[in-house]
Amino acid sequence: MQTKSAGIAKFDWVRASPWLCTFGLFVIWEASVWMFGIPYYILPAPTQIGYAMYEFSGALWFNSIQTLWTTLLGFAMAIVFGLLLGLFIGWDKRIYAGLYPLMIGFNSIPKIAVVPILVLWFGAGWLPAVLTAFLISFFPIVVNVATGLATIEPEMEDVLRALGAKKLDVMVKVGIPRSLPYFFGALKVAITLAFIGSVLSETIAANSGIGHMMLTAQANFEVPLVFACLIALAVEGIGMYAIMAGLEQRMTGWAHRSGFNR
Amino acid sequence: METFVDISDVALRYTGRAGSQDTLAVEHLNLKVHRGDFVAVVGPSGCGKSTLMKLATGLHFPSAGVVRLDGEVVNGPVSIAGMAFQNPVMLPWRSTRDNVLLPMEVVDPHRRQIRTNRTKYKLQADEILASVGLEGAGDQYPWQLSGGMQQRASLCRALIHEPELLLLDEPFAALDAFTREELWCVIRDLHQEKQFTCILVTHDLREAVFLADTVHVMSARPGQIIVSRTIPIPRPRSIEITYETEFAELTHELRGHIAEARG
Ligand SMILES: Nc1ncnc2c1ncn2[C@@H]1O[C@H](COP(=O)(O)OP(=O)(O)OP(=O)(O)O)[C@@H](O)[C@H]1O
Ligand SMILES: [Mg+2]
């Protein structure tokens with residue numbers, strides 16, 4: 001660790017670094033577009049994208065909110081279902097062994113292949129988007145919760161069982177608290193996946209949402225607006241990830257016990 | 001004296017996965033432990049000592065023979081045993097005190113009382129922690145304690161509900177020589193005070209002779225007791241006796257039996 005020289009507040013490079021890098025990327029981008037004379041319909045400059053954002057701020061805002069809540073709804077379903085299924089699978093080694101391969105198989109299906117089926121069943125709109133977000137994001141939650149439960153130290157289980165503890169006692173006292181860091185870790189991954197799922201479905205069949213807006217902009221050859229949508233997606237994605245990462249830190253401080261993160 | 005643990009002609013076969021061989025861990029195993037006795041079990045690695053512990057507590061069910069505890073046939077996990085292992089396995093999200101109190105949240109009648117009478121239990125935990133030299137460590141998390149301190153806490157957890165049967169599976173194997181001797185004395189004093197029945201599995205013959213009333217030597221797998229040696233050294237024993245000739249002769253004799261058992 002560096003000691004701070006008295007009086008002069010030292011510039012915190014670590015905290016500033018992400019902002020500087022992002023800003024630097026945009027500067028390089030802008031400069032390259034002007035230097036090489038790239039036309040706006042191939043790669044618009046950040047300033048042009050910024051203008052498009054300003055011009056379509058109303059629609060952009062509306063569709064971002066739409067995508068946000070579609071994602072969150074699917075994500076919430078994934079949490080509830082993922083937790084329950086994870087608890088069920090992790091409850092017993094035999095259930096774990098039986099259902100794990102099925103889960104892997106299910107997860108290997110590219111979800112883009114499922115969207116048309118969902119549309120067939122539920123029609124175009126927000127519902128297939130919610131369901132895609134759900135389907136794509138529950139898997140990491142299930143696997144992590146189940147793994148947390150299934151990997152209880154056998155000695156711990158022996159200690160409790162020799163005291164006459166029932167399976168439920170072992171799960172409540174040890175299994176569930178133990179799988180919480182896995183669970184919160186999985187939320188970070190799951191929210192990103194849910195977001196991918198909802199946008200994916202929106203670009204295929206929806207009447208609103210950022211995915212749909214991008215598709216429309218592309219059809220109208222509004223390339224800067226396409227990029228504006230991309231930026232909006234990135235910002236939303238970062239925001240949701242940051243919230244989940246913060247939640248993980250708060251809820252499972254004991255799992256980061258090196259003292260390094262404190 | 002009455003027999004408390006009675007393992008008579010027990011065999012245990014671990015059924016492996018399909019394709020791999022079954023393991024006959026113990027066979028014709030006979031062991032009687034009187035109430036309040038302290039016995040040690042020694043033997044070559046893999047001979048079924050940990051298996052014996054699991055049989056005595058009903059965590060495993062014998063393939064043949066009968067295990068009786070306090071006169072009753074064991075046919076499911078017993079609910080009175082305290083256990084401690086080489087690995088202290090503490091729950092990292094609980095303070096050391098709450099780790100020690102874990103059995104109280106499981107065994108009757110405490111599990112119904114602990115919610116309403118938390119302070120009383122807290123004091124009880126602090127008391128037993130103090131008795132093993134962990135005053136004031138109750139609020140710390142187990143991962144803030146050294147290995148030896150965690151092992152003490154794990155002993156407290158095994159004893160907090162005043163079990164009639166204490167099972168120790170190489171509890172001191174991972175500790176340095178001085179801490180180990182210190183903990184021998186802790187166990188000796190706790191046993192003196194509470195008079196529980198104790199089975200200790202160990203690889204350390206000095207530990208076995210110092211602590212036990214009887215040392216049982218097991219054969220290589222499938223394990224059975226081949227020699228039972230009573231330790232005539234009077235109690236209370238001090239660490240000094242470990243440097244006397246009688247002690248050295250006993251450990252030497254046991255060493256010979258184990259060398260034989262290894263074949
Ligand atoms: N769960 C299990 N499944 C299959 N085989 C097992 C299992 N547990 C133990 N065994 C086998 O049973 C035999 C006895 O094991 P046990 O753990 O009782 O030995 P041990 O005397 O405690 O050895 P150590 O001194 O090394 O701790 C070993 O050969 C081991 O491979
Ligand atoms: Mg063992």
# chains A, B, ... in the order shown; residues from 1 in each chain; ligands from 1
>>> interface_residues(of="chain A", to="chain B", cutoff="8 Å", atoms="only C-alpha atoms", output="ChimeraX atom specification")
/A:153,155-156,158-165,169,174,177,254-255,257
>>> write_last_selection(atoms="all heavy atoms", output="compact mmCIF listing (two decimals), in the first residue's frame")
# COMPACT_ATOMS: atom_id res chain seq x y z
N GLU A 153 -20.15 -30.30 3.99
CA GLU A 153 -19.08 -31.16 4.49
C GLU A 153 -19.71 -32.37 5.18
O GLU A 153 -20.56 -32.21 6.05
CB GLU A 153 -18.20 -30.43 5.50
CG GLU A 153 -17.39 -29.29 4.96
CD GLU A 153 -18.13 -27.98 4.98
OE1 GLU A 153 -19.37 -28.00 5.17
OE2 GLU A 153 -17.48 -26.94 4.80
N GLU A 155 -18.57 -34.21 7.45
CA GLU A 155 -18.36 -34.18 8.90
C GLU A 155 -19.44 -33.36 9.58
O GLU A 155 -19.96 -33.72 10.63
CB GLU A 155 -17.00 -33.57 9.26
CG GLU A 155 -15.82 -34.44 8.95
CD GLU A 155 -15.11 -33.97 7.71
OE1 GLU A 155 -15.78 -33.34 6.84
OE2 GLU A 155 -13.89 -34.22 7.59
N MET A 156 -19.78 -32.23 8.94
CA MET A 156 -20.81 -31.36 9.52
C MET A 156 -22.13 -32.11 9.60
O MET A 156 -22.84 -32.04 10.60
CB MET A 156 -20.96 -30.13 8.61
CG MET A 156 -21.71 -29.00 9.22
SD MET A 156 -20.76 -28.27 10.56
CE MET A 156 -21.99 -28.28 11.83
N ASP A 158 -22.47 -35.34 9.78
CA ASP A 158 -22.35 -36.36 10.83
C ASP A 158 -22.58 -35.76 12.20
O ASP A 158 -23.29 -36.32 13.03
CB ASP A 158 -20.96 -37.01 10.77
CG ASP A 158 -20.85 -38.00 9.63
OD1 ASP A 158 -21.87 -38.25 8.97
OD2 ASP A 158 -19.74 -38.51 9.39
N VAL A 159 -21.94 -34.61 12.45
CA VAL A 159 -22.09 -33.96 13.76
C VAL A 159 -23.56 -33.74 14.05
O VAL A 159 -24.05 -34.06 15.14
CB VAL A 159 -21.34 -32.60 13.78
CG1 VAL A 159 -21.77 -31.79 14.99
CG2 VAL A 159 -19.84 -32.81 13.81
N LEU A 160 -24.29 -33.22 13.08
CA LEU A 160 -25.70 -32.91 13.32
C LEU A 160 -26.55 -34.16 13.41
O LEU A 160 -27.42 -34.28 14.26
CB LEU A 160 -26.22 -31.99 12.22
CG LEU A 160 -25.68 -30.57 12.31
CD1 LEU A 160 -26.17 -29.74 11.15
CD2 LEU A 160 -26.09 -29.93 13.62
N ARG A 161 -26.28 -35.12 12.53
CA ARG A 161 -27.12 -36.32 12.54
C ARG A 161 -26.91 -37.14 13.81
O ARG A 161 -27.84 -37.75 14.32
CB ARG A 161 -26.86 -37.15 11.29
CG ARG A 161 -27.43 -36.43 10.07
CD ARG A 161 -27.78 -37.34 8.92
NE ARG A 161 -27.65 -38.72 9.27
CZ ARG A 161 -27.17 -39.68 8.47
NH1 ARG A 161 -26.79 -39.38 7.29
NH2 ARG A 161 -27.08 -40.91 8.84
N ALA A 162 -25.67 -37.12 14.35
CA ALA A 162 -25.42 -37.84 15.60
C ALA A 162 -26.13 -37.16 16.77
O ALA A 162 -26.16 -37.68 17.87
CB ALA A 162 -23.93 -37.93 15.87
N LEU A 163 -26.66 -35.98 16.54
CA LEU A 163 -27.44 -35.30 17.57
C LEU A 163 -28.93 -35.52 17.36
O LEU A 163 -29.77 -34.93 18.03
CB LEU A 163 -27.18 -33.79 17.53
CG LEU A 163 -25.77 -33.36 17.88
CD1 LEU A 163 -25.56 -31.91 17.51
CD2 LEU A 163 -25.52 -33.58 19.34
N GLY A 164 -29.25 -36.35 16.37
CA GLY A 164 -30.65 -36.62 16.09
C GLY A 164 -31.29 -35.60 15.18
O GLY A 164 -32.51 -35.49 15.12
N ALA A 165 -30.48 -34.84 14.43
CA ALA A 165 -31.04 -33.83 13.54
C ALA A 165 -31.71 -34.49 12.34
O ALA A 165 -31.24 -35.48 11.81
CB ALA A 165 -29.94 -32.89 13.05
N ASP A 169 -33.45 -30.04 9.49
CA ASP A 169 -32.54 -29.29 10.37
C ASP A 169 -31.22 -29.02 9.67
O ASP A 169 -30.70 -27.90 9.69
CB ASP A 169 -32.25 -30.09 11.65
CG ASP A 169 -33.44 -30.16 12.58
OD1 ASP A 169 -34.10 -29.12 12.75
OD2 ASP A 169 -33.72 -31.25 13.11
N VAL A 174 -27.43 -25.54 7.99
CA VAL A 174 -26.16 -25.56 7.26
C VAL A 174 -26.35 -25.33 5.76
O VAL A 174 -25.76 -24.43 5.18
CB VAL A 174 -25.42 -26.90 7.46
CG1 VAL A 174 -24.05 -26.85 6.83
CG2 VAL A 174 -25.32 -27.23 8.93
N PRO A 177 -27.90 -21.56 4.45
CA PRO A 177 -26.94 -20.46 4.62
C PRO A 177 -25.68 -20.66 3.79
O PRO A 177 -25.11 -19.72 3.25
CB PRO A 177 -26.60 -20.47 6.11
CG PRO A 177 -27.50 -21.42 6.77
CD PRO A 177 -28.24 -22.19 5.74
N TRP A 254 -19.35 -12.78 4.88
CA TRP A 254 -18.54 -13.82 5.54
C TRP A 254 -17.83 -14.71 4.55
O TRP A 254 -16.83 -15.35 4.87
CB TRP A 254 -19.41 -14.68 6.46
CG TRP A 254 -20.53 -15.38 5.77
CD1 TRP A 254 -21.80 -14.94 5.65
CD2 TRP A 254 -20.48 -16.63 5.09
NE1 TRP A 254 -22.55 -15.84 4.95
CE2 TRP A 254 -21.77 -16.89 4.59
CE3 TRP A 254 -19.47 -17.57 4.86
CZ2 TRP A 254 -22.07 -18.03 3.87
CZ3 TRP A 254 -19.78 -18.70 4.13
CH2 TRP A 254 -21.08 -18.91 3.66
N ALA A 255 -18.38 -14.78 3.31
CA ALA A 255 -17.75 -15.66 2.33
C ALA A 255 -16.48 -15.05 1.74
O ALA A 255 -15.68 -15.73 1.15
CB ALA A 255 -18.74 -16.00 1.21
N ARG A 257 -13.68 -13.92 3.24
CA ARG A 257 -13.10 -13.72 4.56
C ARG A 257 -11.62 -13.48 4.55
O ARG A 257 -10.96 -13.53 5.55
CB ARG A 257 -13.46 -14.88 5.47
CG ARG A 257 -12.99 -16.23 4.99
CD ARG A 257 -13.68 -17.29 5.80
NE ARG A 257 -14.65 -17.99 5.01
CZ ARG A 257 -14.73 -19.31 4.96
NH1 ARG A 257 -13.95 -20.03 5.68
NH2 ARG A 257 -15.60 -19.91 4.21
>>> residues_near_ligand(ligand="ligand 2", cutoff="12 Å", atoms="only C-alpha atoms and all ligand atoms", output="compact mmCIF listing (two decimals) with N, CA and C atoms, in the first residue's frame")
# COMPACT_ATOMS: atom_id res chain seq x y z
N GLU A 155 -18.57 -34.21 7.45
CA GLU A 155 -18.36 -34.18 8.90
C GLU A 155 -19.44 -33.36 9.58
N ALA B 25 -15.13 -53.15 5.36
CA ALA B 25 -14.31 -52.27 6.21
C ALA B 25 -13.98 -52.94 7.54
N VAL B 41 -8.76 -46.06 20.33
CA VAL B 41 -8.65 -47.07 19.29
C VAL B 41 -7.52 -46.67 18.36
N VAL B 42 -6.55 -47.57 18.20
CA VAL B 42 -5.44 -47.30 17.30
C VAL B 42 -5.38 -48.43 16.27
N GLY B 43 -4.70 -48.16 15.17
CA GLY B 43 -4.59 -49.20 14.15
C GLY B 43 -4.08 -48.60 12.87
N PRO B 44 -3.69 -49.47 11.94
CA PRO B 44 -3.14 -48.97 10.67
C PRO B 44 -4.16 -48.13 9.91
N SER B 45 -3.66 -47.29 9.04
CA SER B 45 -4.55 -46.42 8.27
C SER B 45 -5.50 -47.24 7.40
N GLY B 46 -6.74 -46.82 7.36
CA GLY B 46 -7.72 -47.50 6.51
C GLY B 46 -8.27 -48.79 7.09
N CYS B 47 -8.06 -49.01 8.39
CA CYS B 47 -8.49 -50.29 8.97
C CYS B 47 -9.92 -50.23 9.46
N GLY B 48 -10.56 -49.10 9.41
CA GLY B 48 -11.97 -49.03 9.79
C GLY B 48 -12.22 -48.35 11.12
N LYS B 49 -11.33 -47.46 11.54
CA LYS B 49 -11.53 -46.78 12.83
C LYS B 49 -12.66 -45.76 12.73
N SER B 50 -12.63 -44.97 11.66
CA SER B 50 -13.72 -44.00 11.48
C SER B 50 -15.05 -44.72 11.29
N THR B 51 -14.97 -45.87 10.63
CA THR B 51 -16.17 -46.69 10.44
C THR B 51 -16.75 -47.11 11.77
N LEU B 52 -15.87 -47.49 12.69
CA LEU B 52 -16.30 -47.89 14.02
C LEU B 52 -17.09 -46.76 14.70
N MET B 53 -16.59 -45.53 14.54
CA MET B 53 -17.27 -44.37 15.12
C MET B 53 -18.68 -44.23 14.55
N LYS B 54 -18.77 -44.43 13.24
CA LYS B 54 -20.07 -44.26 12.60
C LYS B 54 -21.03 -45.36 13.00
N ALA B 84 -16.22 -34.90 17.37
CA ALA B 84 -15.24 -33.93 16.89
C ALA B 84 -14.26 -34.67 15.99
N PHE B 85 -13.83 -33.98 14.95
CA PHE B 85 -12.98 -34.61 13.94
C PHE B 85 -11.66 -33.86 13.81
N GLN B 86 -10.80 -34.44 12.99
CA GLN B 86 -9.52 -33.78 12.70
C GLN B 86 -9.75 -32.38 12.11
N ASN B 87 -10.76 -32.28 11.26
CA ASN B 87 -11.12 -31.00 10.67
C ASN B 87 -12.23 -30.38 11.53
N LEU B 168 -14.21 -38.93 19.38
CA LEU B 168 -13.17 -38.05 18.86
C LEU B 168 -12.39 -38.80 17.79
N ASP B 169 -12.42 -38.30 16.57
CA ASP B 169 -11.72 -38.96 15.46
C ASP B 169 -10.49 -38.14 15.10
N GLU B 170 -9.35 -38.54 15.61
CA GLU B 170 -8.08 -37.84 15.38
C GLU B 170 -8.22 -36.34 15.56
N PRO B 171 -8.76 -35.90 16.68
CA PRO B 171 -9.08 -34.47 16.79
C PRO B 171 -7.86 -33.57 16.85
N ALA B 173 -4.79 -34.27 15.38
CA ALA B 173 -3.75 -34.70 14.44
C ALA B 173 -3.10 -33.52 13.71
N LEU B 200 -11.85 -42.49 21.58
CA LEU B 200 -10.90 -41.63 20.87
C LEU B 200 -10.17 -42.45 19.82
N VAL B 201 -10.23 -42.00 18.58
CA VAL B 201 -9.43 -42.63 17.52
C VAL B 201 -8.20 -41.79 17.32
N THR B 202 -7.05 -42.41 17.27
CA THR B 202 -5.83 -41.62 17.14
C THR B 202 -4.73 -42.43 16.47
N HIS B 203 -3.76 -41.72 15.93
CA HIS B 203 -2.57 -42.38 15.40
C HIS B 203 -1.40 -42.18 16.34
>>> closest_residue(among="B:Leu134, B:Leu155, B:Ala40, B:Ala220", to="ligand 1", atoms="only C-alpha atoms and all ligand atoms")
B:Ala220
>>> residues_around(residues="A:Glu202", least_positions_apart="4", cutoff="9 Å", atoms="only C-alpha atoms", output="PyMOL selection string")
chain A and resi 67+124-126+128-129+197-198+206-213+215
>>> residues_around(residues="B:Glu135", least_positions_apart="3", cutoff="12 Å", atoms="only C-alpha atoms", output="compact mmCIF listing (two decimals) with N, CA, C and O atoms, in the first residue's frame")
# COMPACT_ATOMS: atom_id res chain seq x y z
N THR B 96 -18.20 -17.82 16.85
CA THR B 96 -17.75 -19.03 17.52
C THR B 96 -18.78 -19.49 18.55
O THR B 96 -19.08 -20.68 18.66
N ARG B 97 -19.34 -18.54 19.28
CA ARG B 97 -20.34 -18.90 20.29
C ARG B 97 -21.54 -19.58 19.65
O ARG B 97 -22.00 -20.62 20.12
N LEU B 123 -24.50 -17.64 28.14
CA LEU B 123 -23.60 -17.74 29.29
C LEU B 123 -22.98 -19.14 29.36
O LEU B 123 -21.79 -19.29 29.62
N ALA B 125 -22.46 -21.18 26.92
CA ALA B 125 -21.45 -21.31 25.87
C ALA B 125 -20.16 -20.62 26.28
O ALA B 125 -19.06 -21.16 26.11
N ASP B 126 -20.28 -19.41 26.83
CA ASP B 126 -19.08 -18.68 27.23
C ASP B 126 -18.33 -19.42 28.33
O ASP B 126 -17.10 -19.42 28.38
N GLU B 127 -19.10 -20.08 29.20
CA GLU B 127 -18.50 -20.83 30.29
C GLU B 127 -17.65 -21.98 29.76
O GLU B 127 -16.50 -22.15 30.16
N ILE B 128 -18.24 -22.75 28.83
CA ILE B 128 -17.49 -23.90 28.32
C ILE B 128 -16.32 -23.44 27.46
O ILE B 128 -15.24 -24.04 27.49
N LEU B 129 -16.49 -22.32 26.75
CA LEU B 129 -15.37 -21.77 25.98
C LEU B 129 -14.23 -21.38 26.92
O LEU B 129 -13.06 -21.63 26.65
N ALA B 130 -14.59 -20.79 28.05
CA ALA B 130 -13.58 -20.38 29.02
C ALA B 130 -12.85 -21.60 29.57
O ALA B 130 -11.64 -21.57 29.81
N SER B 131 -13.59 -22.71 29.73
CA SER B 131 -12.97 -23.90 30.33
C SER B 131 -11.91 -24.52 29.43
O SER B 131 -11.10 -25.31 29.88
N VAL B 132 -11.93 -24.19 28.13
CA VAL B 132 -10.87 -24.69 27.26
C VAL B 132 -9.89 -23.58 26.88
O VAL B 132 -9.13 -23.70 25.94
N GLY B 138 -15.86 -15.85 22.00
CA GLY B 138 -17.20 -16.18 21.53
C GLY B 138 -17.71 -15.31 20.41
O GLY B 138 -18.39 -15.78 19.51
N ASP B 139 -17.35 -14.02 20.44
CA ASP B 139 -17.88 -13.10 19.44
C ASP B 139 -17.09 -13.15 18.14
O ASP B 139 -17.52 -12.62 17.13
N GLN B 140 -15.92 -13.77 18.18
CA GLN B 140 -15.12 -13.81 16.96
C GLN B 140 -15.65 -14.90 16.04
O GLN B 140 -16.30 -15.85 16.48
N MET B 149 -7.23 -23.11 18.26
CA MET B 149 -8.40 -22.49 18.89
C MET B 149 -9.68 -23.04 18.29
O MET B 149 -10.65 -23.31 19.00
N ARG B 152 -10.37 -26.36 19.75
CA ARG B 152 -10.97 -26.24 21.09
C ARG B 152 -12.45 -25.94 20.99
O ARG B 152 -13.28 -26.52 21.69
N ALA B 153 -12.77 -24.99 20.09
CA ALA B 153 -14.18 -24.62 19.92
C ALA B 153 -14.98 -25.83 19.45
O ALA B 153 -16.12 -26.05 19.89
>>> atom_distance(atom1="atom CA of B:Pro109", atom2="atom CA of A:Val172")
18.6 Å
>>> closest_atom_pairs(of="stretch 121-187 of chain A", to="stretch 92-95 of chain A", cutoff="10 Å", atoms="only C-alpha atoms", output="tab-separated table")
residue	atom	partner	partner_atom	distance
A:Ala146	CA	A:Asp92	CA	9.5
A:Leu149	CA	A:Asp92	CA	8.8
A:Ala150	CA	A:Lys93	CA	6.7
A:Thr151	CA	A:Lys93	CA	9.6
A:Lys167	CA	A:Asp92	CA	9.4
>>> write_last_selection(atoms="all heavy atoms", output="PDB file, in the first residue's frame")
ATOM      1  N   ALA A 146     -28.192 -25.729  -5.868  1.00  0.00           N
ATOM      2  CA  ALA A 146     -28.103 -27.188  -5.704  1.00  0.00           C
ATOM      3  C   ALA A 146     -26.691 -27.605  -5.321  1.00  0.00           C
ATOM      4  O   ALA A 146     -26.500 -28.450  -4.443  1.00  0.00           O
ATOM      5  CB  ALA A 146     -28.535 -27.884  -6.993  1.00  0.00           C
ATOM      6  N   LEU A 149     -25.903 -26.872  -1.723  1.00  0.00           N
ATOM      7  CA  LEU A 149     -26.524 -27.823  -0.798  1.00  0.00           C
ATOM      8  C   LEU A 149     -25.851 -29.182  -0.861  1.00  0.00           C
ATOM      9  O   LEU A 149     -25.649 -29.833   0.160  1.00  0.00           O
ATOM     10  CB  LEU A 149     -28.007 -27.996  -1.135  1.00  0.00           C
ATOM     11  CG  LEU A 149     -28.915 -26.798  -0.931  1.00  0.00           C
ATOM     12  CD1 LEU A 149     -30.337 -27.177  -1.279  1.00  0.00           C
ATOM     13  CD2 LEU A 149     -28.846 -26.300   0.496  1.00  0.00           C
ATOM     14  N   ALA A 150     -25.511 -29.598  -2.074  1.00  0.00           N
ATOM     15  CA  ALA A 150     -25.010 -30.963  -2.252  1.00  0.00           C
ATOM     16  C   ALA A 150     -23.573 -31.108  -1.758  1.00  0.00           C
ATOM     17  O   ALA A 150     -23.086 -32.211  -1.613  1.00  0.00           O
ATOM     18  CB  ALA A 150     -25.101 -31.379  -3.714  1.00  0.00           C
ATOM     19  N   THR A 151     -22.892 -29.996  -1.504  1.00  0.00           N
ATOM     20  CA  THR A 151     -21.494 -30.097  -1.098  1.00  0.00           C
ATOM     21  C   THR A 151     -21.291 -29.751   0.377  1.00  0.00           C
ATOM     22  O   THR A 151     -20.243 -29.280   0.763  1.00  0.00           O
ATOM     23  CB  THR A 151     -20.592 -29.194  -1.962  1.00  0.00           C
ATOM     24  OG1 THR A 151     -21.130 -27.868  -1.923  1.00  0.00           O
ATOM     25  CG2 THR A 151     -20.533 -29.660  -3.386  1.00  0.00           C
ATOM     26  N   LYS A 167     -33.236 -34.219   8.353  1.00  0.00           N
ATOM     27  CA  LYS A 167     -32.735 -33.619   7.110  1.00  0.00           C
ATOM     28  C   LYS A 167     -33.069 -32.123   7.035  1.00  0.00           C
ATOM     29  O   LYS A 167     -32.251 -31.301   6.639  1.00  0.00           O
ATOM     30  CB  LYS A 167     -33.372 -34.352   5.929  1.00  0.00           C
ATOM     31  CG  LYS A 167     -32.839 -33.919   4.585  1.00  0.00           C
ATOM     32  CD  LYS A 167     -31.557 -34.633   4.252  1.00  0.00           C
ATOM     33  CE  LYS A 167     -30.996 -34.118   2.937  1.00  0.00           C
ATOM     34  NZ  LYS A 167     -29.725 -34.722   2.605  1.00  0.00           N
TER      35      LYS A 167
END
>>> closest_residue(among="B:Val100, B:Leu205, B:Met218, B:Val10", to="ligand 1", atoms="only C-alpha atoms and all ligand atoms")
B:Met218
>>> residues_around(residues="stretch 40-54 of chain A", least_positions_apart="4", cutoff="7 Å", atoms="only C-alpha atoms", output="PyMOL selection string")
chain A and resi 26+29-30+33+223-225+227-228
>>> residues_around(residues="A:Phe75", least_positions_apart="5", cutoff="10 Å", atoms="only C-alpha atoms", output="PyMOL selection string")
chain A and resi 69-70+80-82+130-138+187+190-195+198
>>> residues_around(residues="B:Leu250", least_positions_apart="2", cutoff="12 Å", atoms="only C-alpha atoms", output="ChimeraX atom specification")
/B:205-210,212,214-215,229-233,241-248,252-257
>>> select_by_dssp(residues="stretch 78-175 of chain A", states="helix (DSSP H, G or I)", output="short mmCIF file (atom, residue, chain, number, x, y, z; two decimals) with C-alpha atoms, in the first residue's frame")
data_model
loop_
_atom_site.label_atom_id
_atom_site.label_comp_id
_atom_site.auth_asym_id
_atom_site.auth_seq_id
_atom_site.Cartn_x
_atom_site.Cartn_y
_atom_site.Cartn_z
CA ALA A 78 -36.15 -17.25 -12.38
CA ILE A 79 -35.26 -16.48 -8.76
CA VAL A 80 -38.39 -18.05 -7.33
CA PHE A 81 -38.36 -21.07 -9.58
CA GLY A 82 -34.57 -21.42 -9.51
CA LEU A 83 -34.48 -21.36 -5.71
CA LEU A 84 -37.23 -23.93 -5.35
CA LEU A 85 -35.81 -26.25 -7.97
CA GLY A 86 -32.28 -25.77 -6.59
CA LEU A 87 -33.46 -26.70 -3.08
CA PHE A 88 -35.28 -29.71 -4.46
CA ILE A 89 -32.33 -30.95 -6.50
CA GLY A 90 -29.78 -30.32 -3.76
CA TRP A 91 -31.95 -32.00 -1.13
CA LYS A 93 -27.75 -36.92 -3.74
CA ARG A 94 -30.03 -39.19 -5.76
CA ILE A 95 -32.25 -36.37 -7.00
CA TYR A 96 -29.12 -34.39 -7.80
CA ALA A 97 -27.64 -37.26 -9.80
CA GLY A 98 -30.91 -37.88 -11.63
CA LEU A 99 -31.85 -34.35 -12.60
CA TYR A 100 -28.46 -32.78 -13.23
CA PRO A 101 -27.96 -34.30 -16.71
CA LEU A 102 -31.48 -33.21 -17.66
CA MET A 103 -30.68 -29.68 -16.58
CA ILE A 104 -27.47 -29.65 -18.61
CA GLY A 105 -29.39 -30.90 -21.63
CA PHE A 106 -32.01 -28.24 -21.22
CA ASN A 107 -29.43 -25.55 -20.82
CA SER A 108 -27.58 -26.58 -23.98
CA LYS A 111 -32.70 -20.22 -26.37
CA ILE A 112 -33.07 -18.47 -29.71
CA ALA A 113 -34.57 -21.73 -30.93
CA VAL A 115 -38.49 -18.06 -28.96
CA PRO A 116 -40.51 -19.07 -32.07
CA ILE A 117 -42.23 -21.75 -30.00
CA LEU A 118 -43.07 -19.25 -27.29
CA VAL A 119 -44.45 -16.89 -29.91
CA LEU A 120 -46.50 -19.72 -31.32
CA TRP A 121 -47.98 -20.39 -27.89
CA PHE A 122 -48.41 -16.91 -26.52
CA TRP A 126 -44.03 -8.93 -23.94
CA LEU A 127 -44.96 -12.39 -22.66
CA PRO A 128 -42.51 -14.36 -24.83
CA ALA A 129 -39.82 -11.84 -23.83
CA VAL A 130 -40.50 -12.40 -20.13
CA LEU A 131 -40.49 -16.15 -20.61
CA THR A 132 -37.28 -16.12 -22.62
CA ALA A 133 -35.62 -14.02 -19.91
CA PHE A 134 -36.86 -16.53 -17.36
CA LEU A 135 -35.81 -19.64 -19.28
CA ILE A 136 -32.36 -18.40 -20.02
CA SER A 137 -31.59 -17.15 -16.51
CA PHE A 138 -32.91 -19.72 -14.09
CA PHE A 139 -30.27 -22.30 -14.88
CA PRO A 140 -27.28 -20.73 -13.08
CA ILE A 141 -29.47 -20.13 -10.03
CA VAL A 142 -30.59 -23.76 -9.87
CA VAL A 143 -27.12 -25.14 -10.38
CA ASN A 144 -25.50 -22.92 -7.80
CA VAL A 145 -28.10 -23.44 -5.10
CA ALA A 146 -28.10 -27.19 -5.70
CA THR A 147 -24.32 -27.36 -5.66
CA GLY A 148 -24.17 -25.36 -2.43
CA LEU A 149 -26.52 -27.82 -0.80
CA ALA A 150 -25.01 -30.96 -2.25
CA PRO A 154 -19.86 -34.77 5.44
CA GLU A 155 -18.36 -34.18 8.90
CA MET A 156 -20.81 -31.36 9.52
CA GLU A 157 -23.66 -33.61 8.52
CA ASP A 158 -22.35 -36.36 10.83
CA VAL A 159 -22.09 -33.96 13.76
CA LEU A 160 -25.70 -32.91 13.32
CA ARG A 161 -27.12 -36.32 12.54
CA LYS A 167 -32.74 -33.62 7.11
CA LEU A 168 -34.70 -30.39 7.42
CA ASP A 169 -32.54 -29.29 10.37
CA VAL A 170 -29.37 -29.93 8.39
CA MET A 171 -30.72 -27.94 5.46
CA VAL A 172 -31.93 -24.98 7.51
CA LYS A 173 -28.88 -24.76 9.77
CA VAL A 174 -26.16 -25.56 7.26
CA GLY A 175 -27.30 -26.15 3.68
#
>>> decode(residues="stretch 131-143 of chain A", atoms="C-alpha atoms", output="PDB file, in the first residue's frame")
ATOM      1  CA  LEU A 131     -40.489 -16.152 -20.611  1.00  0.00           C
ATOM      2  CA  THR A 132     -37.276 -16.121 -22.624  1.00  0.00           C
ATOM      3  CA  ALA A 133     -35.618 -14.019 -19.914  1.00  0.00           C
ATOM      4  CA  PHE A 134     -36.863 -16.533 -17.360  1.00  0.00           C
ATOM      5  CA  LEU A 135     -35.813 -19.641 -19.276  1.00  0.00           C
ATOM      6  CA  ILE A 136     -32.355 -18.396 -20.021  1.00  0.00           C
ATOM      7  CA  SER A 137     -31.585 -17.147 -16.513  1.00  0.00           C
ATOM      8  CA  PHE A 138     -32.914 -19.720 -14.090  1.00  0.00           C
ATOM      9  CA  PHE A 139     -30.268 -22.298 -14.876  1.00  0.00           C
ATOM     10  CA  PRO A 140     -27.285 -20.732 -13.085  1.00  0.00           C
ATOM     11  CA  ILE A 141     -29.470 -20.125 -10.026  1.00  0.00           C
ATOM     12  CA  VAL A 142     -30.594 -23.756  -9.873  1.00  0.00           C
ATOM     13  CA  VAL A 143     -27.124 -25.141 -10.378  1.00  0.00           C
TER      14      VAL A 143
END
